[in-house]
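Heads up, run_12.pdb below (PDB, C-alpha atoms):
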```pdb
ATOM      1  CA  MET A  72      16.360  11.996  35.180
ATOM      2  CA  HIS A  73      17.830   9.183  33.120
ATOM      3  CA  ALA A  74      17.866   9.480  29.310
ATOM      4  CA  ILE A  75      19.549   7.769  26.359
ATOM      5  CA  ALA A  76      21.345   9.998  23.867
ATOM      6  CA  ALA A  77      22.929   9.647  20.440
ATOM      7  CA  HIS A  78      26.224  11.289  19.644
ATOM      8  CA  GLY A  79      28.690  11.341  16.772
ATOM      9  CA  GLY A  80      26.830   9.288  14.164
ATOM     10  CA  LEU A  81      28.623   6.123  15.265
ATOM     11  CA  PRO A  82      27.696   2.625  14.008
ATOM     12  CA  ILE A  83      25.314   0.790  16.308
ATOM     13  CA  SER A  84      28.022  -1.785  17.071
ATOM     14  CA  ASP A  85      29.923   0.969  18.913
ATOM     15  CA  PRO A  86      28.881   1.217  22.608
ATOM     16  CA  ALA A  87      29.216   5.012  22.315
ATOM     17  CA  SER A  88      26.551   5.233  19.578
ATOM     18  CA  LEU A  89      23.848   5.473  22.258
ATOM     19  CA  VAL A  90      24.791   6.343  25.826
ATOM     20  CA  ASP A  91      23.066   6.745  29.187
ATOM     21  CA  ILE A  92      23.022  10.340  30.456
ATOM     22  CA  GLU A  93      21.414  12.417  33.212
ATOM     23  CA  VAL A  94      19.395  15.551  32.333
ATOM     24  CA  GLU A  95      16.807  17.762  34.019
ATOM     25  CA  VAL A  96      13.166  16.715  34.052
ATOM     26  CA  PRO A  97      11.380  18.922  31.487
ATOM     27  CA  ALA A  98       8.949  21.600  32.630
ATOM     28  CA  PRO A  99       5.668  21.850  30.705
ATOM     29  CA  ALA A 100       5.042  24.668  28.247
ATOM     30  CA  PRO A 101       1.434  25.915  28.281
ATOM     31  CA  THR A 102       0.272  23.309  25.734
ATOM     32  CA  ASP A 103       2.451  20.436  27.010
ATOM     33  CA  VAL A 104       1.814  17.345  29.017
ATOM     34  CA  ILE A 105       4.772  15.772  30.824
ATOM     35  CA  VAL A 106       4.716  12.008  30.423
ATOM     36  CA  ARG A 107       6.458   9.363  32.495
ATOM     37  CA  VAL A 108       7.565   7.122  29.613
ATOM     38  CA  GLU A 109       6.878   3.408  30.119
ATOM     39  CA  ALA A 110       7.619   2.039  26.646
ATOM     40  CA  VAL A 111       8.936   3.191  23.275
ATOM     41  CA  SER A 112       9.163   1.608  19.848
ATOM     42  CA  ILE A 113      11.826   2.055  17.211
ATOM     43  CA  ASN A 114      11.283   3.329  13.665
ATOM     44  CA  PRO A 115      13.710   3.810  10.759
ATOM     45  CA  VAL A 116      13.702   7.559  11.507
ATOM     46  CA  ASP A 117      15.392   6.771  14.833
ATOM     47  CA  PHE A 118      18.445   5.112  13.348
ATOM     48  CA  LYS A 119      18.598   7.490  10.374
ATOM     49  CA  LEU A 120      18.778  10.498  12.696
ATOM     50  CA  ARG A 121      21.336   8.727  14.875
ATOM     51  CA  GLN A 122      23.520   8.048  11.851
ATOM     52  CA  ARG A 123      23.353  11.714  10.818
ATOM     53  CA  GLU A 124      24.552  13.055  14.182
ATOM     54  CA  ASP A 125      27.829  14.972  13.952
ATOM     55  CA  SER A 126      30.627  14.598  16.480
ATOM     56  CA  SER A 127      30.447  18.357  17.106
ATOM     57  CA  ASP A 128      26.754  18.201  18.060
ATOM     58  CA  ALA A 129      25.556  17.935  21.630
ATOM     59  CA  PRO A 130      24.157  14.492  22.564
ATOM     60  CA  ARG A 131      20.601  14.195  21.272
ATOM     61  CA  ILE A 132      17.734  12.364  22.968
ATOM     62  CA  LEU A 133      15.970  10.471  20.185
ATOM     63  CA  GLY A 134      12.742   8.481  20.259
ATOM     64  CA  PHE A 135       9.274   9.216  18.923
ATOM     65  CA  ASP A 136       6.743   6.463  19.597
ATOM     66  CA  ALA A 137       5.901   6.297  23.291
ATOM     67  CA  ALA A 138       3.278   5.324  25.829
ATOM     68  CA  GLY A 139       3.190   6.385  29.457
ATOM     69  CA  THR A 140       1.410   8.233  32.242
ATOM     70  CA  VAL A 141       0.817  11.989  32.486
ATOM     71  CA  SER A 142       2.721  13.456  35.451
ATOM     72  CA  ALA A 143       2.084  17.189  34.845
ATOM     73  CA  VAL A 144       0.037  19.411  32.523
ATOM     74  CA  GLY A 145       0.530  22.923  31.138
ATOM     75  CA  ASP A 146      -1.882  25.763  31.782
ATOM     76  CA  ASP A 147      -3.557  25.544  28.365
ATOM     77  CA  VAL A 148      -3.945  21.755  28.202
ATOM     78  CA  VAL A 149      -7.476  20.470  27.627
ATOM     79  CA  GLY A 150      -8.676  16.897  27.977
ATOM     80  CA  PHE A 151      -5.758  15.432  29.959
ATOM     81  CA  ALA A 152      -5.065  15.162  33.684
ATOM     82  CA  VAL A 153      -2.301  13.805  35.869
ATOM     83  CA  GLY A 154      -2.530  10.012  35.926
ATOM     84  CA  ASP A 155      -3.950   9.606  32.403
ATOM     85  CA  GLU A 156      -2.392   6.860  30.281
ATOM     86  CA  VAL A 157      -1.444   8.269  26.865
ATOM     87  CA  TYR A 158       0.358   7.422  23.646
ATOM     88  CA  TYR A 159       1.850   9.581  20.908
ATOM     89  CA  ALA A 160       4.574   9.897  18.251
ATOM     90  CA  GLY A 161       6.146  13.167  19.401
ATOM     91  CA  ALA A 162       7.864  15.853  17.350
ATOM     92  CA  ILE A 163      11.085  15.742  15.379
ATOM     93  CA  ASN A 164      12.361  19.099  16.692
ATOM     94  CA  ARG A 165      12.027  18.380  20.440
ATOM     95  CA  PRO A 166      13.800  16.029  22.857
ATOM     96  CA  GLY A 167      12.545  12.511  22.289
ATOM     97  CA  SER A 168      10.975   9.666  24.218
ATOM     98  CA  ASN A 169      14.175   7.820  25.133
ATOM     99  CA  ALA A 170      14.035   9.288  28.636
ATOM    100  CA  ASP A 171      12.238   8.875  31.950
ATOM    101  CA  TYR A 172      10.054  11.920  31.233
ATOM    102  CA  GLN A 173       9.105  13.735  28.024
ATOM    103  CA  ALA A 174       7.282  16.951  27.206
ATOM    104  CA  VAL A 175       4.810  16.575  24.338
ATOM    105  CA  ASP A 176       2.148  18.910  22.947
ATOM    106  CA  TYR A 177      -1.237  17.610  24.084
ATOM    107  CA  ARG A 178      -2.723  18.194  20.622
ATOM    108  CA  ILE A 179      -0.670  15.342  19.130
ATOM    109  CA  ALA A 180      -1.336  12.871  21.962
ATOM    110  CA  ALA A 181      -4.325  10.729  22.913
ATOM    111  CA  HIS A 182      -5.482   8.412  25.658
ATOM    112  CA  LYS A 183      -3.983   5.012  24.888
ATOM    113  CA  PRO A 184      -6.196   2.035  24.033
ATOM    114  CA  THR A 185      -7.490   0.588  27.302
ATOM    115  CA  THR A 186      -7.107  -2.966  26.021
ATOM    116  CA  LEU A 187      -3.376  -2.657  25.302
ATOM    117  CA  SER A 188      -0.351  -2.638  27.569
ATOM    118  CA  PHE A 189       2.020   0.315  27.406
ATOM    119  CA  ALA A 190       4.376  -1.808  25.298
ATOM    120  CA  ASP A 191       1.763  -2.822  22.741
ATOM    121  CA  ALA A 192       0.372   0.727  22.547
ATOM    122  CA  ALA A 193       3.837   2.208  21.984
ATOM    123  CA  ALA A 194       4.177   0.206  18.770
ATOM    124  CA  LEU A 195       1.376   2.086  17.034
ATOM    125  CA  PRO A 196       1.427   5.921  16.929
ATOM    126  CA  LEU A 197       4.012   6.928  14.293
ATOM    127  CA  THR A 198       3.144   4.214  11.809
ATOM    128  CA  ALA A 199      -0.608   4.556  12.346
ATOM    129  CA  LEU A 200      -0.503   8.334  11.893
ATOM    130  CA  THR A 201       1.516   7.852   8.705
ATOM    131  CA  ALA A 202      -1.077   5.417   7.397
ATOM    132  CA  MET A 203      -4.091   7.470   8.506
ATOM    133  CA  GLU A 204      -2.695  10.669   6.989
ATOM    134  CA  THR A 205      -2.042   8.741   3.794
ATOM    135  CA  LEU A 206      -5.607   7.472   3.598
ATOM    136  CA  GLU A 207      -7.290  10.716   4.689
ATOM    137  CA  ASP A 208      -5.023  13.527   3.442
ATOM    138  CA  HIS A 209      -3.523  12.047   0.293
ATOM    139  CA  PHE A 210      -5.774   9.271  -1.007
ATOM    140  CA  ASP A 211      -8.972  10.963   0.241
ATOM    141  CA  VAL A 212     -10.644   7.612   0.874
ATOM    142  CA  GLY A 213     -12.996   6.486   3.601
ATOM    143  CA  THR A 214     -15.927   4.209   4.328
ATOM    144  CA  GLY A 215     -17.173   2.665   1.107
ATOM    145  CA  SER A 216     -14.208   3.787  -1.006
ATOM    146  CA  ALA A 217     -13.380   1.117  -3.558
ATOM    147  CA  GLY A 218     -10.348   0.364  -5.695
ATOM    148  CA  THR A 219      -7.039  -1.431  -5.231
ATOM    149  CA  LEU A 220      -4.261  -0.349  -2.887
ATOM    150  CA  LEU A 221      -0.690  -1.596  -3.144
ATOM    151  CA  VAL A 222       1.335  -1.541   0.097
ATOM    152  CA  VAL A 223       5.039  -1.836  -0.726
ATOM    153  CA  GLY A 224       6.866  -3.346   2.227
ATOM    154  CA  GLY A 225       3.750  -4.817   3.785
ATOM    155  CA  ALA A 226       5.554  -6.510   6.675
ATOM    156  CA  GLY A 227       7.213  -3.309   7.901
ATOM    157  CA  GLY A 228       5.859  -1.054  10.619
ATOM    158  CA  VAL A 229       3.851   1.258   8.354
ATOM    159  CA  GLY A 230       2.814  -1.538   6.011
ATOM    160  CA  SER A 231       1.519  -3.693   8.863
ATOM    161  CA  ILE A 232      -0.815  -1.015  10.171
ATOM    162  CA  MET A 233      -1.768   0.332   6.725
ATOM    163  CA  ILE A 234      -3.114  -3.063   5.693
ATOM    164  CA  GLN A 235      -5.269  -3.218   8.819
ATOM    165  CA  LEU A 236      -6.530   0.356   8.597
ATOM    166  CA  ALA A 237      -7.363   0.106   4.894
ATOM    167  CA  LYS A 238      -9.454  -3.001   5.587
ATOM    168  CA  ALA A 239     -11.110  -1.452   8.662
ATOM    169  CA  LEU A 240     -11.840   2.012   7.264
ATOM    170  CA  THR A 241     -12.398   1.478   3.525
ATOM    171  CA  SER A 242     -13.577  -1.096   0.985
ATOM    172  CA  LEU A 243     -10.226  -1.145  -0.797
ATOM    173  CA  ASN A 244      -8.739  -4.379  -2.079
ATOM    174  CA  VAL A 245      -5.261  -4.542  -0.522
ATOM    175  CA  ILE A 246      -2.189  -6.050  -2.153
ATOM    176  CA  ALA A 247       0.930  -6.206   0.011
ATOM    177  CA  THR A 248       4.454  -6.900  -1.163
ATOM    178  CA  ALA A 249       6.543  -9.510   0.640
ATOM    179  CA  SER A 250       9.153 -12.045  -0.392
ATOM    180  CA  ARG A 251      10.250 -14.129   2.597
ATOM    181  CA  PRO A 252       7.863 -16.868   3.848
ATOM    182  CA  GLU A 253       7.572 -15.228   7.278
ATOM    183  CA  SER A 254       6.749 -11.872   5.669
ATOM    184  CA  VAL A 255       4.074 -13.441   3.474
ATOM    185  CA  THR A 256       2.516 -15.117   6.503
ATOM    186  CA  TRP A 257       2.603 -11.822   8.433
ATOM    187  CA  VAL A 258       0.931  -9.641   5.780
ATOM    188  CA  ARG A 259      -1.819 -12.196   5.313
ATOM    189  CA  ALA A 260      -2.371 -12.168   9.078
ATOM    190  CA  MET A 261      -2.674  -8.364   8.881
ATOM    191  CA  GLY A 262      -5.497  -8.783   6.352
ATOM    192  CA  ALA A 263      -3.898  -8.453   2.904
ATOM    193  CA  ASP A 264      -6.161  -9.762   0.138
ATOM    194  CA  ALA A 265      -3.204 -10.728  -2.048
ATOM    195  CA  VAL A 266       0.592 -10.783  -1.884
ATOM    196  CA  ALA A 267       3.073  -9.757  -4.597
ATOM    197  CA  ASN A 268       6.831 -10.266  -4.656
ATOM    198  CA  HIS A 269       8.564  -6.866  -4.745
ATOM    199  CA  HIS A 270      11.727  -8.223  -6.402
ATOM    200  CA  ASN A 271       9.886  -7.782  -9.725
ATOM    201  CA  LEU A 272       7.224  -5.303  -8.701
ATOM    202  CA  ALA A 273       5.382  -4.841 -12.007
ATOM    203  CA  GLU A 274       5.203  -8.543 -12.789
ATOM    204  CA  GLY A 275       4.223  -9.461  -9.244
ATOM    205  CA  VAL A 276       1.449  -6.884  -8.985
ATOM    206  CA  LEU A 277      -0.031  -7.435 -12.427
ATOM    207  CA  HIS A 278      -0.141 -11.162 -11.729
ATOM    208  CA  VAL A 279      -2.667 -10.566  -8.926
ATOM    209  CA  ALA A 280      -4.214  -7.335 -10.311
ATOM    210  CA  PRO A 281      -4.143  -7.579 -14.136
ATOM    211  CA  GLU A 282      -6.149  -4.359 -14.544
ATOM    212  CA  GLY A 283      -3.715  -2.350 -12.431
ATOM    213  CA  ILE A 284      -4.029  -0.498  -9.133
ATOM    214  CA  ASP A 285      -5.489   2.825  -8.011
ATOM    215  CA  PHE A 286      -3.273   3.666  -5.025
ATOM    216  CA  ALA A 287       0.223   2.794  -3.863
ATOM    217  CA  LEU A 288       2.015   3.339  -0.570
ATOM    218  CA  SER A 289       5.740   3.219  -1.287
ATOM    219  CA  SER A 290       8.401   2.625   1.340
ATOM    220  CA  TYR A 291      11.020   1.644  -1.285
ATOM    221  CA  SER A 292      10.806   4.025  -4.248
ATOM    222  CA  GLN A 293      14.325   4.099  -5.694
ATOM    223  CA  GLY A 294      14.344   2.339  -9.065
ATOM    224  CA  GLN A 295      10.617   1.599  -8.972
ATOM    225  CA  ILE A 296       9.198   4.592 -10.867
ATOM    226  CA  PRO A 297       8.959   2.708 -14.221
ATOM    227  CA  ALA A 298       7.148  -0.114 -12.427
ATOM    228  CA  PHE A 299       4.721   2.333 -10.824
ATOM    229  CA  ALA A 300       4.076   3.912 -14.219
ATOM    230  CA  LYS A 301       3.148   0.485 -15.546
ATOM    231  CA  ILE A 302       0.935  -0.772 -12.721
ATOM    232  CA  LEU A 303      -0.923   2.424 -11.711
ATOM    233  CA  LYS A 304      -4.136   3.204 -13.538
ATOM    234  CA  PRO A 305      -4.583   6.670 -15.094
ATOM    235  CA  LEU A 306      -5.101   9.317 -12.371
ATOM    236  CA  GLY A 307      -3.691   6.931  -9.780
ATOM    237  CA  ARG A 308      -2.002   8.202  -6.635
ATOM    238  CA  ILE A 309       1.275   7.251  -4.982
ATOM    239  CA  VAL A 310       2.317   8.213  -1.454
ATOM    240  CA  ALA A 311       6.021   7.813  -0.628
ATOM    241  CA  ILE A 312       7.362   7.594   2.912
ATOM    242  CA  ASP A 313      11.031   7.117   2.014
ATOM    243  CA  ASP A 314      13.661   9.565   0.745
ATOM    244  CA  GLY A 315      15.511  10.029  -2.526
ATOM    245  CA  ASN A 316      15.961  12.101  -5.663
ATOM    246  CA  LEU A 317      13.595  10.541  -8.171
ATOM    247  CA  ASP A 318      12.776  11.122 -11.825
ATOM    248  CA  LEU A 319       8.976  11.088 -11.878
ATOM    249  CA  THR A 320       8.646  11.787 -15.603
ATOM    250  CA  PRO A 321       7.350   8.260 -16.435
ATOM    251  CA  LEU A 322       4.263   9.026 -14.317
ATOM    252  CA  LYS A 323       3.180  12.014 -16.420
ATOM    253  CA  PRO A 324       1.324  10.327 -19.327
ATOM    254  CA  LYS A 325      -1.196   8.734 -16.957
ATOM    255  CA  ARG A 326      -1.361  11.845 -14.725
ATOM    256  CA  ILE A 327      -0.297   9.726 -11.776
ATOM    257  CA  SER A 328       0.161  12.003  -8.777
ATOM    258  CA  TRP A 329       3.055  11.700  -6.334
ATOM    259  CA  HIS A 330       2.643  12.678  -2.686
ATOM    260  CA  TRP A 331       5.215  12.857   0.106
ATOM    261  CA  GLU A 332       4.026  11.757   3.531
ATOM    262  CA  PHE A 333       5.942  13.106   6.535
ATOM    263  CA  MET A 334       4.129  12.526   9.802
ATOM    264  CA  PHE A 335       6.069  15.271  11.595
ATOM    265  CA  SER A 336       4.938  18.109   9.310
ATOM    266  CA  ARG A 337       2.001  19.201  11.462
ATOM    267  CA  SER A 338       4.003  19.472  14.700
ATOM    268  CA  LEU A 339       7.147  20.821  13.022
ATOM    269  CA  PHE A 340       5.294  23.727  11.412
ATOM    270  CA  GLN A 341       2.597  24.116  14.083
ATOM    271  CA  THR A 342      -0.141  23.893  11.460
ATOM    272  CA  PRO A 343      -3.610  25.158  12.409
ATOM    273  CA  ASP A 344      -4.936  21.602  12.180
ATOM    274  CA  MET A 345      -2.239  20.085  14.400
ATOM    275  CA  ALA A 346      -4.891  18.557  16.666
ATOM    276  CA  VAL A 347      -5.881  16.264  13.784
ATOM    277  CA  GLN A 348      -3.149  13.910  14.977
ATOM    278  CA  GLY A 349      -4.619  13.698  18.461
ATOM    279  CA  ARG A 350      -8.023  12.989  16.938
ATOM    280  CA  MET A 351      -6.548  10.275  14.686
ATOM    281  CA  LEU A 352      -4.893   8.566  17.647
ATOM    282  CA  ALA A 353      -8.166   8.748  19.594
ATOM    283  CA  ASP A 354      -9.953   7.150  16.618
ATOM    284  CA  LEU A 355      -7.270   4.476  16.469
ATOM    285  CA  ALA A 356      -7.700   3.710  20.167
ATOM    286  CA  GLN A 357     -11.415   3.144  19.593
ATOM    287  CA  LEU A 358     -10.663   0.776  16.697
ATOM    288  CA  VAL A 359      -8.201  -1.148  18.848
ATOM    289  CA  ASP A 360     -10.578  -1.411  21.796
ATOM    290  CA  ALA A 361     -13.326  -2.580  19.431
ATOM    291  CA  GLY A 362     -11.070  -5.408  18.251
ATOM    292  CA  LYS A 363     -10.721  -4.069  14.701
ATOM    293  CA  ILE A 364      -6.999  -3.229  14.870
ATOM    294  CA  ARG A 365      -4.256  -5.219  16.589
ATOM    295  CA  THR A 366      -0.867  -4.088  17.800
ATOM    296  CA  THR A 367       2.015  -4.554  15.369
ATOM    297  CA  ALA A 368       4.566  -5.202  18.133
ATOM    298  CA  THR A 369       6.469  -8.424  17.488
ATOM    299  CA  GLN A 370       9.598  -8.179  19.666
ATOM    300  CA  TYR A 371       9.989  -6.787  23.193
ATOM    301  CA  ILE A 372      13.229  -5.707  24.860
ATOM    302  CA  THR A 373      12.823  -5.220  28.606
ATOM    303  CA  ASP A 374      15.832  -2.977  29.084
ATOM    304  CA  PHE A 375      15.161   0.760  29.023
ATOM    305  CA  SER A 376      18.831   1.690  28.774
ATOM    306  CA  ALA A 377      21.412   2.532  26.138
ATOM    307  CA  ALA A 378      22.206  -1.175  25.792
ATOM    308  CA  GLY A 379      18.558  -2.060  25.206
ATOM    309  CA  LEU A 380      18.092   0.761  22.697
ATOM    310  CA  ARG A 381      21.261  -0.250  20.837
ATOM    311  CA  GLU A 382      19.899  -3.766  20.412
ATOM    312  CA  ALA A 383      16.568  -2.389  19.152
ATOM    313  CA  HIS A 384      18.335  -0.093  16.673
ATOM    314  CA  ARG A 385      20.476  -3.016  15.487
ATOM    315  CA  ILE A 386      17.418  -5.117  14.705
ATOM    316  CA  VAL A 387      15.560  -2.312  12.918
ATOM    317  CA  GLU A 388      18.636  -1.418  10.866
ATOM    318  CA  THR A 389      18.586  -4.907   9.323
ATOM    319  CA  GLN A 390      15.180  -4.004   7.806
ATOM    320  CA  THR A 391      14.185  -7.674   7.900
ATOM    321  CA  ASN A 392      11.904  -7.674  10.937
ATOM    322  CA  CYS A 393       8.140  -7.985  10.697
ATOM    323  CA  GLY A 394       6.157  -5.416  12.645
ATOM    324  CA  LYS A 395       7.689  -3.284  15.418
ATOM    325  CA  ILE A 396      10.424  -3.563  18.057
ATOM    326  CA  VAL A 397       9.422  -2.241  21.497
ATOM    327  CA  VAL A 398      11.693  -1.286  24.404
ATOM    328  CA  THR A 399       9.999  -1.238  27.782
ATOM    329  CA  ARG A 400      10.819  -0.850  31.451
TER     330      ARG A 400
END
```
Show this structure as structure tokens.
Amino acid sequence: MHAIAAHGGLPISDPASLVDIEVEVPAPAPTDVIVRVEAVSINPVDFKLRQREDSSDAPRILGFDAAGTVSAVGDDVVGFAVGDEVYYAGAINRPGSNADYQAVDYRIAAHKPTTLSFADAAALPLTALTAMETLEDHFDVGTGSAGTLLVVGGAGGVGSIMIQLAKALTSLNVIATASRPESVTWVRAMGADAVANHHNLAEGVLHVAPEGIDFALSSYSQGQIPAFAKILKPLGRIVAIDDGNLDLTPLKPKRISWHWEFMFSRSLFQTPDMAVQGRMLADLAQLVDAGKIRTTATQYITDFSAAGLREAHRIVETQTNCGKIVVTR
């Protein structure tokens, strides 16, 4: 089968950074479904992993978000059959979705929303799971939960879906950060109640929420800990989805808790509750089909090849796009 692989950690401007290769079609393990991939979307994790590839490593098939059709099922698979249309975010320690066919554990997949195309469905899984795990596992909020949530980087992939999910699943007041006019327009379209400029985070947030905030989702944490200490209320909670060595000492006086969100933890460590991700994606599909959540896809590249993936990586690496970039057949 055809696949697209990363090799050598090359810059995306280099044609060898992502290359077309031929590999064997995967065979299903007992808990796997084999999916004919129809569309994928690109996340920062894709280009970060590509950049970290060493020249001595074998070419690696990247890609996480995907939507497609089940072509085979393992012996222990429940709830899926050949021909089912599915979507999922995959696992970080297995070959990815940038290929004609992919093996994925059925417990972290779900039937895709019936009202969305493969392309629009592929934009959702990784970012939606990140947001749903944040709300459910870390913030412990649900229907009727009140308070104020700050979404840093509201126009990004995770921010775009977090705003929608927080408004659909809770009673939280949502503040999103954005600075460019197109980003401000986008986060308001997603449902943000207010917008703050992240170039001076504390000033921007306190301007629209003078009493402070209860929760924060941080996609840009470096250098912002003093600001978080100022704007979070006592016993507030922060969930970070980025990386970095941070001094969290300023958060201690208010007992502000810091949580790391890593969507791949359940599949990477085969946790007993791994099927939670499949359930979350099934819940998301129902919300989409009920008209409560919209796709966050904003750009479509109809070129499922190394050239098409390189263009998608290039756009995402600029970190200026609103929503998600999708590559489809």
Please enumerate the residues selected by the PyMOL selection byres ((chain A and resi 179) around 6) when evaluated against the supplied file, formatted as a ChimeraX atom specification. /A:176-178,180,346,348-349
Result set, the PyMOL selection byres ((chain A and resi 188-194) around 7) on current file, as a ChimeraX atom specification: /A:109-112,136-139,158,183-184,186-187,195-196,366-368,395,397,399
Could you tell me which of A:Val223, A:Val144, A:Ile113, A:Val106 comes closest to Asn271 in chain A if we count only C-alpha atoms? A:Val223
For the structure provided, state which residues fall under the PyMOL selection byres ((chain A and resi 326-337) around 10), and present them as a compact mmCIF listing (two decimals) with C-alpha atoms, in the frame of the given file.
```txt
# COMPACT_ATOMS: atom_id res chain seq x y z
CA ALA A 160 4.57 9.90 18.25
CA GLY A 161 6.15 13.17 19.40
CA ALA A 162 7.86 15.85 17.35
CA ILE A 163 11.08 15.74 15.38
CA ASN A 164 12.36 19.10 16.69
CA ILE A 179 -0.67 15.34 19.13
CA LEU A 197 4.01 6.93 14.29
CA THR A 198 3.14 4.21 11.81
CA ALA A 199 -0.61 4.56 12.35
CA LEU A 200 -0.50 8.33 11.89
CA THR A 201 1.52 7.85 8.70
CA ALA A 202 -1.08 5.42 7.40
CA MET A 203 -4.09 7.47 8.51
CA GLU A 204 -2.70 10.67 6.99
CA THR A 205 -2.04 8.74 3.79
CA ASP A 208 -5.02 13.53 3.44
CA HIS A 209 -3.52 12.05 0.29
CA PHE A 210 -5.77 9.27 -1.01
CA ASP A 285 -5.49 2.82 -8.01
CA PHE A 286 -3.27 3.67 -5.03
CA ALA A 287 0.22 2.79 -3.86
CA LEU A 288 2.02 3.34 -0.57
CA SER A 289 5.74 3.22 -1.29
CA PHE A 299 4.72 2.33 -10.82
CA ALA A 300 4.08 3.91 -14.22
CA LEU A 303 -0.92 2.42 -11.71
CA LYS A 304 -4.14 3.20 -13.54
CA PRO A 305 -4.58 6.67 -15.09
CA LEU A 306 -5.10 9.32 -12.37
CA GLY A 307 -3.69 6.93 -9.78
CA ARG A 308 -2.00 8.20 -6.64
CA ILE A 309 1.27 7.25 -4.98
CA VAL A 310 2.32 8.21 -1.45
CA ALA A 311 6.02 7.81 -0.63
CA ILE A 312 7.36 7.59 2.91
CA ASP A 313 11.03 7.12 2.01
CA ASP A 314 13.66 9.56 0.74
CA LEU A 319 8.98 11.09 -11.88
CA THR A 320 8.65 11.79 -15.60
CA PRO A 321 7.35 8.26 -16.43
CA LEU A 322 4.26 9.03 -14.32
CA LYS A 323 3.18 12.01 -16.42
CA PRO A 324 1.32 10.33 -19.33
CA LYS A 325 -1.20 8.73 -16.96
CA SER A 338 4.00 19.47 14.70
CA LEU A 339 7.15 20.82 13.02
CA PHE A 340 5.29 23.73 11.41
CA GLN A 341 2.60 24.12 14.08
CA THR A 342 -0.14 23.89 11.46
CA PRO A 343 -3.61 25.16 12.41
CA ASP A 344 -4.94 21.60 12.18
CA MET A 345 -2.24 20.08 14.40
CA ALA A 346 -4.89 18.56 16.67
CA VAL A 347 -5.88 16.26 13.78
CA GLN A 348 -3.15 13.91 14.98
```
Write out as a PDB file with C-alpha atoms, in the coordinates of the input each polymer residue whose atoms come within 10 Å of Met261 in chain A, counting only C-alpha atoms; drop sequence neighbours fewer than 4 positions from it.
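Final file, around-v4.pdb:
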```
ATOM      1  CA  GLY A 225       3.750  -4.817   3.785  1.00  0.00           C
ATOM      2  CA  ALA A 226       5.554  -6.510   6.675  1.00  0.00           C
ATOM      3  CA  GLY A 230       2.814  -1.538   6.011  1.00  0.00           C
ATOM      4  CA  SER A 231       1.519  -3.693   8.863  1.00  0.00           C
ATOM      5  CA  ILE A 232      -0.815  -1.015  10.171  1.00  0.00           C
ATOM      6  CA  MET A 233      -1.768   0.332   6.725  1.00  0.00           C
ATOM      7  CA  ILE A 234      -3.114  -3.063   5.693  1.00  0.00           C
ATOM      8  CA  GLN A 235      -5.269  -3.218   8.819  1.00  0.00           C
ATOM      9  CA  LEU A 236      -6.530   0.356   8.597  1.00  0.00           C
ATOM     10  CA  LYS A 238      -9.454  -3.001   5.587  1.00  0.00           C
ATOM     11  CA  ALA A 247       0.930  -6.206   0.011  1.00  0.00           C
ATOM     12  CA  THR A 256       2.516 -15.117   6.503  1.00  0.00           C
ATOM     13  CA  TRP A 257       2.603 -11.822   8.433  1.00  0.00           C
ATOM     14  CA  ILE A 364      -6.999  -3.229  14.870  1.00  0.00           C
ATOM     15  CA  ARG A 365      -4.256  -5.219  16.589  1.00  0.00           C
ATOM     16  CA  THR A 367       2.015  -4.554  15.369  1.00  0.00           C
TER      17      THR A 367
END
```
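The space between CA of Arg350 in chain A and CA of Ile75 in chain A spans 29.6 Å.
We find CA of Asn268 in chain A and CA of Gly224 in chain A to be spaced 9.8 Å apart.
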Could you give me, as a Markdown table, a per-residue list for range 115-225 of chain A showing, wherever an atom lies at most 7 Å from an atom of range 274-284 of chain A, the closest pair of atoms and their distance in Å to one decimal, using all atoms listed in the file and sorting by chain then residue number from low to high?
```
| residue | atom | partner | partner_atom | distance |
| --- | --- | --- | --- | --- |
| A:Thr219 | CA | A:Ile284 | CA | 5.0 |
| A:Leu220 | CA | A:Ile284 | CA | 6.3 |
| A:Leu221 | CA | A:Ile284 | CA | 6.9 |
```
Using all atoms listed in the file, can you list as a list in words the residues within 10 Å of (7.2, 11.5, 29.5)? Val96, Pro97, Val104, Ile105, Val106, Arg107, Val108, Glu109, Ala110, Ala137, Ala138, Gly139, Thr140, Val141, Ser142, Ala143, Val157, Tyr158, Gly167, Ser168, Asn169, Ala170, Asp171, Tyr172, Gln173, Ala174 and Val175 of chain A
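CA of Val229 in chain A is positioned 19.1 Å from CA of Gly362 in chain A.
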Could you list, as a compact mmCIF listing (two decimals) with C-alpha atoms, keeping the file's coordinate frame, every residue within 12 Å of Arg131 in chain A, counting all atoms listed in the file and ignoring same-chain residues fewer than 5 positions away?
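Output below, filename out.txt:
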```
# COMPACT_ATOMS: atom_id res chain seq x y z
CA ALA A 74 17.87 9.48 29.31
CA ILE A 75 19.55 7.77 26.36
CA ALA A 76 21.34 10.00 23.87
CA ALA A 77 22.93 9.65 20.44
CA HIS A 78 26.22 11.29 19.64
CA GLY A 79 28.69 11.34 16.77
CA GLY A 80 26.83 9.29 14.16
CA SER A 88 26.55 5.23 19.58
CA LEU A 89 23.85 5.47 22.26
CA VAL A 90 24.79 6.34 25.83
CA ASP A 91 23.07 6.74 29.19
CA ILE A 92 23.02 10.34 30.46
CA VAL A 94 19.40 15.55 32.33
CA ASP A 117 15.39 6.77 14.83
CA LEU A 120 18.78 10.50 12.70
CA ARG A 121 21.34 8.73 14.88
CA GLN A 122 23.52 8.05 11.85
CA ARG A 123 23.35 11.71 10.82
CA GLU A 124 24.55 13.06 14.18
CA ASP A 125 27.83 14.97 13.95
CA SER A 126 30.63 14.60 16.48
CA ILE A 163 11.08 15.74 15.38
CA ASN A 164 12.36 19.10 16.69
CA ARG A 165 12.03 18.38 20.44
CA PRO A 166 13.80 16.03 22.86
CA GLY A 167 12.54 12.51 22.29
CA SER A 168 10.98 9.67 24.22
CA ASN A 169 14.18 7.82 25.13
CA ALA A 170 14.04 9.29 28.64
```
